[in-house]
Amino acid sequence: MNNKSRKAVNLLLSLVLSLSVLVSPITELNVNAATATTKKVTTVSQKSKTVPKKTTVKKPATTKKSTITSKKQVAVKPQTPVKPPVPNNVKPVVQEVKKAKNVIFMLGDGMGISHTTLARWYKGSNLTMDEITAGIIRTYSAESIITDSAPASTAFATGVKSNDKLIGVYPEKIELPSKKTVDEKEAYKPLATVLEAAKINGKATGIVSTSQVQHASPAGFTSHVPHRELYYDIAMQQVYQGLDVVFGGGKQYLVPGGEKYNIPDDKGRKDGNDLIQELKNMGYAIVEDSKSMKETNANKIWGLFSDDAMDFDKDRNPEKQPSLAEMTKKAIDVLSKDKDGFFLFVEGSEIDWASHANDPVGVISDVLAFDNAVKVALDFAKSNKDTLVIVVSDHDNGGLSIGSKKTDSTYPSLPLASLLEPLKKAKVTGKGIEKLLDEDRSNIVEVMKEYFGIEDLTAEEIEAIKKAPAGKVQYVVGPIISSRSTIGWTTTGHTGNDVVFYSYGPCAPKGTLENYQFAKIMADAMGIDLEDANDELFVDLETGIQYIPGAEAELNVTDMANPVVEITKGKIKAELPVNTNILKINGKVYRLKGLTILSKSERVYLPLEALDIIYDAK
Ligand SMILES: [Zn+2]
């Protein structure tokens, strides 16, 4: 890459990043976003070179260098497949050899073992999850004993433990469980997800979440970006993935701000793209409330039930926002029409957010809503025996415990009421109560009495609620209600504790597993090969272009927000807009099975199919 285009790419990356950071929701996780992404790769090591394993492109041409990549001479060798970086001696115990036609993968974000203990006590009977308890998961990332959601989701989806903030891409450094050097060319390489692999094998696919659908966990299965907060890039990749069903929040990441979509002017896309219109052009039904979701007969649906994240289950308006169980049911109804089967990802996203705020009411609300969704999936699997259901958590959060320093001497004789009584009085979550406060927060005492049943607020507590920044009242009232129960918390961050997983159906795993093992378990269950999917979906352009005689490639950044990879071969000009599955050759438009990705290491990856079409183009 020459200096000019390198500069352009850097500019582009920082522009995209700054746009994303501007509109990110205010959570503790967002701190230091910008600085983290612009870090340069420094780890360099062996010079292995990736080449597509099973190319259908006819024969190698004379080596022609792409103008888009480095000037180093390339030696073409057989591909070294990307392997999981972490060794593991624990083999999953496979119950049956029968294959799974359908896989439903469900993730309770931040759901530790005590979260389910608490929800079970509150419910007063077993959870649905209890019926299919199967084992525990080691959750650490490639660099930390405590993972964040992005590398955890990447591990579940791709089979590779990655670094903090990275979504669907290979890590730049591996520190755990032992240090390993990462090949410079592999760092940030997009990795095929089990969802993408299912899709190119003919299965219907869908994602459901209560967060914005661009949030880290659903993003890990559907996109490939160097930072979890690149919501606009994630949204664009998801739109062009050809998913059959998408339900959740996050409408504002698809369209520009303004009256047309009722998005505030300071929110929305800044790159001029109207992706809802694009979805409509592709034949999708767009639904924005519970009734229209239930009533649509469409087979391809995007349901956007909030501009950003949806509300906690306890706080939601059921007419506007469907429950996680309702979204899961509709997704299964639609996807199960595909005779080849389906892969569905479902997330109870906000168990995590309630835990960051140490709000036990939010935890109970969304663990129970998640468990109701598990019931929907399990009921389907029980009457469709070719369906594998796997329920996981990505990490524990908060260090929630039943018992605290306050119970040091009283624990042997604690009645259930000491845990539940304060929690049962709550009519909304700690998040929901913020909306009920006056603008000047003069009604704190009344609101806390009416909605939380708390009548003994101290002057300090009232003051703390009053002073809580907008959007952060939950972080104050969560601990207030916890202190009236026998609940303890050790942190407002994640923990490195193991978490529980649950499974049912053909090839259901059991035992002590690493998070990254689930990708292969699910792929094997469906009879799908993730390495084949990697070869098919993400060919390094620098290597791939050598197979097309006389071809040259360039990155056109005339429109900085919408870069286009251009490949010319004589009079033929092929255009591949980044983050899409579009290939245009002399005016003709092809829809590819995969996406064109510009990685943080300034390398371009594209589907093998694109090179085949360009090779054959006359
Ligand atoms: Zn998480």
# chains A, B, ... in the order shown; residues from 1 in each chain; ligands from 1
call {"tool": "residues_around", "arguments": {"residues": "Lys593 (chain A)", "least_positions_apart": "2", "cutoff": "10 Å", "atoms": "only C-alpha atoms", "output": "list in words"}}
result
Glu196, Lys199, Ile200, Tyr240, Gln241, Gly242, Glu536, Leu537, Asn581, Ile582, Tyr590, Arg591, Leu595, Pro607, Leu608, Glu609 and Ala610 of chain A
call {"tool": "write_last_selection", "arguments": {"atoms": "N, CA and C atoms", "output": "JSON list (two decimals), in the first residue's frame"}}
result
[["chain", "number", "residue", "atom", "x", "y", "z"],
["A", 196, "GLU", "N", -22.47, -17.89, 9.99],
["A", 196, "GLU", "CA", -22.15, -17.72, 8.57],
["A", 196, "GLU", "C", -21.95, -19.09, 7.89],
["A", 199, "LYS", "N", -25.20, -20.60, 7.22],
["A", 199, "LYS", "CA", -25.86, -19.89, 6.11],
["A", 199, "LYS", "C", -25.35, -20.36, 4.76],
["A", 200, "ILE", "N", -24.02, -20.48, 4.60],
["A", 200, "ILE", "CA", -23.51, -20.89, 3.29],
["A", 200, "ILE", "C", -23.76, -22.39, 3.04],
["A", 240, "TYR", "N", -26.19, -6.76, 5.20],
["A", 240, "TYR", "CA", -25.76, -7.44, 3.97],
["A", 240, "TYR", "C", -25.40, -8.91, 4.19],
["A", 241, "GLN", "N", -25.62, -9.41, 5.41],
["A", 241, "GLN", "CA", -25.37, -10.83, 5.68],
["A", 241, "GLN", "C", -26.46, -11.71, 5.09],
["A", 242, "GLY", "N", -27.62, -11.13, 4.79],
["A", 242, "GLY", "CA", -28.72, -11.95, 4.30],
["A", 242, "GLY", "C", -29.35, -12.81, 5.38],
["A", 536, "GLU", "N", -13.83, -20.28, 2.21],
["A", 536, "GLU", "CA", -14.80, -19.82, 1.24],
["A", 536, "GLU", "C", -15.15, -18.33, 1.41],
["A", 537, "LEU", "N", -15.14, -17.87, 2.66],
["A", 537, "LEU", "CA", -15.66, -16.52, 2.93],
["A", 537, "LEU", "C", -14.60, -15.43, 2.98],
["A", 581, "ASN", "N", -22.17, -7.38, 0.69],
["A", 581, "ASN", "CA", -21.98, -8.61, -0.09],
["A", 581, "ASN", "C", -22.17, -8.31, -1.58],
["A", 582, "ILE", "N", -22.01, -7.04, -1.93],
["A", 582, "ILE", "CA", -22.26, -6.63, -3.32],
["A", 582, "ILE", "C", -20.99, -6.71, -4.16],
["A", 590, "TYR", "N", -23.99, -8.52, -8.48],
["A", 590, "TYR", "CA", -24.06, -9.87, -7.92],
["A", 590, "TYR", "C", -24.20, -9.74, -6.40],
["A", 591, "ARG", "N", -24.99, -10.61, -5.78],
["A", 591, "ARG", "CA", -25.06, -10.68, -4.31],
["A", 591, "ARG", "C", -24.27, -11.90, -3.87],
["A", 595, "LEU", "N", -19.18, -11.26, 2.89],
["A", 595, "LEU", "CA", -18.92, -9.83, 2.91],
["A", 595, "LEU", "C", -17.50, -9.47, 2.47],
["A", 607, "PRO", "N", -15.07, -12.88, -0.35],
["A", 607, "PRO", "CA", -15.44, -14.26, -0.61],
["A", 607, "PRO", "C", -14.74, -14.80, -1.85],
["A", 608, "LEU", "N", -14.38, -16.06, -1.81],
["A", 608, "LEU", "CA", -13.75, -16.73, -2.95],
["A", 608, "LEU", "C", -14.61, -16.61, -4.20],
["A", 609, "GLU", "N", -15.92, -16.67, -3.97],
["A", 609, "GLU", "CA", -16.89, -16.54, -5.06],
["A", 609, "GLU", "C", -16.67, -15.26, -5.88],
["A", 610, "ALA", "N", -16.27, -14.17, -5.22],
["A", 610, "ALA", "CA", -16.04, -12.91, -5.93],
["A", 610, "ALA", "C", -14.90, -13.08, -6.92]]
call {"tool": "closest_atom_pairs", "arguments": {"of": "chain A", "to": "ligand 1", "cutoff": "7 Å", "atoms": "only C-alpha atoms and all ligand atoms", "output": "CSV"}}
result
residue,atom,partner,partner_atom_place_in_ligand_line,distance
A:Asp109,CA,ligand 1,1 (Zn),4.5
A:Gly110,CA,ligand 1,1 (Zn),5.0
A:Asp148,CA,ligand 1,1 (Zn),5.7
A:Ser149,CA,ligand 1,1 (Zn),3.6
A:Ser217,CA,ligand 1,1 (Zn),6.9
A:Asp352,CA,ligand 1,1 (Zn),6.2
A:Asp394,CA,ligand 1,1 (Zn),5.3
A:His395,CA,ligand 1,1 (Zn),6.0
call {"tool": "residues_around", "arguments": {"residues": "Asn126 (chain A)", "least_positions_apart": "3", "cutoff": "12 Å", "atoms": "only C-alpha atoms", "output": "list in words"}}
result
Thr116, Thr117, Leu118, Ala119, Arg120, Trp121, Tyr122, Lys123, Met129, Asp130, Glu131, Ile132, Thr133, Leu368, Asp371, Asn372 and Lys375 of chain A
call {"tool": "select_by_dssp", "arguments": {"residues": "region 200-241 of chain A", "states": "helix (DSSP H, G or I)", "output": "ChimeraX atom specification"}}
result
/A:200,216-222,231-239
call {"tool": "write_last_selection", "arguments": {"atoms": "N, CA and C atoms", "output": "CSV table (one decimal), in the first residue's frame"}}
result
chain,number,residue,atom,x,y,z
A,200,ILE,N,-24.0,-20.5,4.6
A,200,ILE,CA,-23.5,-20.9,3.3
A,200,ILE,C,-23.8,-22.4,3.0
A,216,ALA,N,-22.3,-6.3,21.3
A,216,ALA,CA,-21.2,-7.2,21.2
A,216,ALA,C,-21.5,-8.7,20.9
A,217,SER,N,-22.5,-9.2,21.7
A,217,SER,CA,-22.7,-10.6,21.5
A,217,SER,C,-23.4,-11.0,20.2
A,218,PRO,N,-24.5,-10.4,19.8
A,218,PRO,CA,-25.0,-10.7,18.5
A,218,PRO,C,-24.0,-10.3,17.4
A,219,ALA,N,-23.3,-9.2,17.6
A,219,ALA,CA,-22.3,-8.8,16.6
A,219,ALA,C,-21.3,-9.9,16.4
A,220,GLY,N,-20.9,-10.6,17.4
A,220,GLY,CA,-19.8,-11.6,17.3
A,220,GLY,C,-20.2,-12.7,16.4
A,221,PHE,N,-21.5,-12.9,16.1
A,221,PHE,CA,-21.9,-14.0,15.2
A,221,PHE,C,-22.2,-13.5,13.8
A,222,THR,N,-22.2,-12.2,13.6
A,222,THR,CA,-22.7,-11.6,12.4
A,222,THR,C,-21.8,-10.6,11.7
A,231,TYR,N,-20.7,0.5,15.8
A,231,TYR,CA,-22.1,0.0,15.5
A,231,TYR,C,-22.6,0.2,14.1
A,232,TYR,N,-22.1,1.3,13.4
A,232,TYR,CA,-22.5,1.5,12.1
A,232,TYR,C,-22.0,0.5,11.1
A,233,ASP,N,-20.7,0.1,11.3
A,233,ASP,CA,-20.1,-0.9,10.4
A,233,ASP,C,-20.8,-2.3,10.7
A,234,ILE,N,-21.0,-2.5,12.0
A,234,ILE,CA,-21.7,-3.8,12.4
A,234,ILE,C,-23.1,-3.9,11.8
A,235,ALA,N,-23.8,-2.8,11.9
A,235,ALA,CA,-25.2,-2.7,11.3
A,235,ALA,C,-25.1,-3.0,9.8
A,236,MET,N,-24.2,-2.4,9.1
A,236,MET,CA,-24.1,-2.5,7.7
A,236,MET,C,-23.8,-4.0,7.3
A,237,GLN,N,-22.8,-4.6,8.0
A,237,GLN,CA,-22.5,-6.0,7.8
A,237,GLN,C,-23.7,-6.9,8.0
A,238,GLN,N,-24.4,-6.6,9.1
A,238,GLN,CA,-25.6,-7.4,9.4
A,238,GLN,C,-26.6,-7.3,8.3
A,239,VAL,N,-26.8,-6.1,7.8
A,239,VAL,CA,-27.8,-5.9,6.8
A,239,VAL,C,-27.5,-6.7,5.5
call {"tool": "select_by_dssp", "arguments": {"residues": "region 255-302 of chain A", "states": "strand (DSSP E or B)", "output": "CSV table (one decimal) with C-alpha atoms, in the first residue's frame"}}
result
chain,number,residue,atom,x,y,z
A,256,PRO,CA,-29.8,8.8,9.2
A,257,GLY,CA,-31.3,11.0,12.0
A,258,GLY,CA,-34.4,13.0,11.1
A,263,ILE,CA,-34.7,9.5,15.0
A,264,PRO,CA,-33.2,12.6,16.7
A,265,ASP,CA,-31.1,14.7,14.4
A,266,ASP,CA,-28.0,14.2,16.5
A,267,LYS,CA,-28.4,10.4,16.3
A,268,GLY,CA,-28.3,8.1,13.3
A,285,ALA,CA,-40.6,-6.9,6.2
A,286,ILE,CA,-39.7,-4.2,8.8
A,287,VAL,CA,-41.8,-4.4,12.0
A,301,ILE,CA,-38.0,-9.9,8.8
A,302,TRP,CA,-36.2,-7.2,10.6
call {"tool": "residues_around", "arguments": {"residues": "Ser355 (chain A)", "least_positions_apart": "3", "cutoff": "6 Å", "atoms": "only C-alpha atoms", "output": "ChimeraX atom specification"}}
result
/A:352,358-359,397-398
call {"tool": "write_last_selection", "arguments": {"atoms": "C-alpha atoms", "output": "PDB file, in the first residue's frame"}}
result
ATOM      1  CA  ASP A 352     -25.285  -8.002  32.253  1.00  0.00           C
ATOM      2  CA  ASN A 358     -25.643  -4.164  41.075  1.00  0.00           C
ATOM      3  CA  ASP A 359     -29.429  -4.093  40.604  1.00  0.00           C
ATOM      4  CA  ASN A 397     -20.861 -10.129  36.306  1.00  0.00           C
ATOM      5  CA  GLY A 398     -20.917  -8.288  39.609  1.00  0.00           C
TER       6      GLY A 398
END
call {"tool": "decode", "arguments": {"residues": "region 240-270 of chain A", "atoms": "N, CA and C atoms", "output": "short mmCIF file (atom, residue, chain, number, x, y, z; two decimals), in the first residue's frame"}}
result
data_model
loop_
_atom_site.label_atom_id
_atom_site.label_comp_id
_atom_site.auth_asym_id
_atom_site.auth_seq_id
_atom_site.Cartn_x
_atom_site.Cartn_y
_atom_site.Cartn_z
N TYR A 240 -26.19 -6.76 5.20
CA TYR A 240 -25.76 -7.44 3.97
C TYR A 240 -25.40 -8.91 4.19
N GLN A 241 -25.62 -9.41 5.41
CA GLN A 241 -25.37 -10.83 5.68
C GLN A 241 -26.46 -11.71 5.09
N GLY A 242 -27.62 -11.13 4.79
CA GLY A 242 -28.72 -11.95 4.30
C GLY A 242 -29.35 -12.81 5.38
N LEU A 243 -29.32 -12.33 6.64
CA LEU A 243 -29.98 -13.04 7.73
C LEU A 243 -31.48 -13.08 7.45
N ASP A 244 -32.15 -14.12 7.89
CA ASP A 244 -33.58 -14.23 7.63
C ASP A 244 -34.40 -13.49 8.67
N VAL A 245 -33.97 -13.53 9.92
CA VAL A 245 -34.72 -12.87 11.00
C VAL A 245 -33.76 -12.11 11.90
N VAL A 246 -34.07 -10.85 12.16
CA VAL A 246 -33.32 -10.05 13.12
C VAL A 246 -34.33 -9.33 14.01
N PHE A 247 -34.30 -9.61 15.30
CA PHE A 247 -35.22 -8.96 16.25
C PHE A 247 -34.43 -8.35 17.40
N GLY A 248 -34.71 -7.10 17.73
CA GLY A 248 -34.06 -6.47 18.88
C GLY A 248 -34.20 -4.96 18.81
N GLY A 249 -33.26 -4.26 19.45
CA GLY A 249 -33.23 -2.80 19.35
C GLY A 249 -32.16 -2.37 18.37
N GLY A 250 -31.97 -1.03 18.25
CA GLY A 250 -30.85 -0.54 17.45
C GLY A 250 -31.21 0.10 16.12
N LYS A 251 -32.46 0.56 16.00
CA LYS A 251 -32.90 1.17 14.73
C LYS A 251 -32.02 2.35 14.32
N GLN A 252 -31.57 3.14 15.30
CA GLN A 252 -30.84 4.37 14.97
C GLN A 252 -29.49 4.11 14.28
N TYR A 253 -29.02 2.88 14.32
CA TYR A 253 -27.74 2.57 13.66
C TYR A 253 -27.92 2.20 12.18
N LEU A 254 -29.20 2.15 11.75
CA LEU A 254 -29.47 1.75 10.38
C LEU A 254 -29.78 2.92 9.46
N VAL A 255 -30.21 4.03 10.04
CA VAL A 255 -30.73 5.13 9.22
C VAL A 255 -30.18 6.48 9.68
N PRO A 256 -30.25 7.49 8.80
CA PRO A 256 -29.83 8.82 9.23
C PRO A 256 -30.83 9.39 10.23
N GLY A 257 -30.39 10.32 11.06
CA GLY A 257 -31.31 11.00 11.96
C GLY A 257 -32.29 11.86 11.17
N GLY A 258 -33.44 12.17 11.78
CA GLY A 258 -34.40 13.02 11.09
C GLY A 258 -35.82 12.48 11.20
N GLU A 259 -36.73 13.24 10.59
CA GLU A 259 -38.16 12.93 10.74
C GLU A 259 -38.58 11.62 10.07
N LYS A 260 -37.94 11.30 8.95
CA LYS A 260 -38.40 10.15 8.17
C LYS A 260 -38.54 8.90 9.04
N TYR A 261 -37.55 8.67 9.90
CA TYR A 261 -37.59 7.49 10.76
C TYR A 261 -37.77 7.85 12.23
N ASN A 262 -38.09 9.13 12.49
CA ASN A 262 -38.32 9.57 13.86
C ASN A 262 -37.12 9.31 14.77
N ILE A 263 -35.94 9.61 14.24
CA ILE A 263 -34.69 9.47 15.00
C ILE A 263 -34.17 10.90 15.25
N PRO A 264 -33.77 11.23 16.49
CA PRO A 264 -33.24 12.58 16.74
C PRO A 264 -32.13 12.95 15.76
N ASP A 265 -32.07 14.23 15.41
CA ASP A 265 -31.10 14.67 14.40
C ASP A 265 -29.65 14.38 14.78
N ASP A 266 -29.37 14.40 16.09
CA ASP A 266 -27.98 14.17 16.49
C ASP A 266 -27.63 12.68 16.56
N LYS A 267 -28.62 11.83 16.32
CA LYS A 267 -28.36 10.39 16.29
C LYS A 267 -28.43 9.91 14.84
N GLY A 268 -28.19 8.64 14.65
CA GLY A 268 -28.35 8.08 13.31
C GLY A 268 -27.07 8.07 12.51
N ARG A 269 -27.13 7.46 11.34
CA ARG A 269 -25.95 7.30 10.50
C ARG A 269 -25.51 8.62 9.89
N LYS A 270 -24.22 8.78 9.77
CA LYS A 270 -23.67 10.00 9.19
C LYS A 270 -23.09 9.74 7.78
#
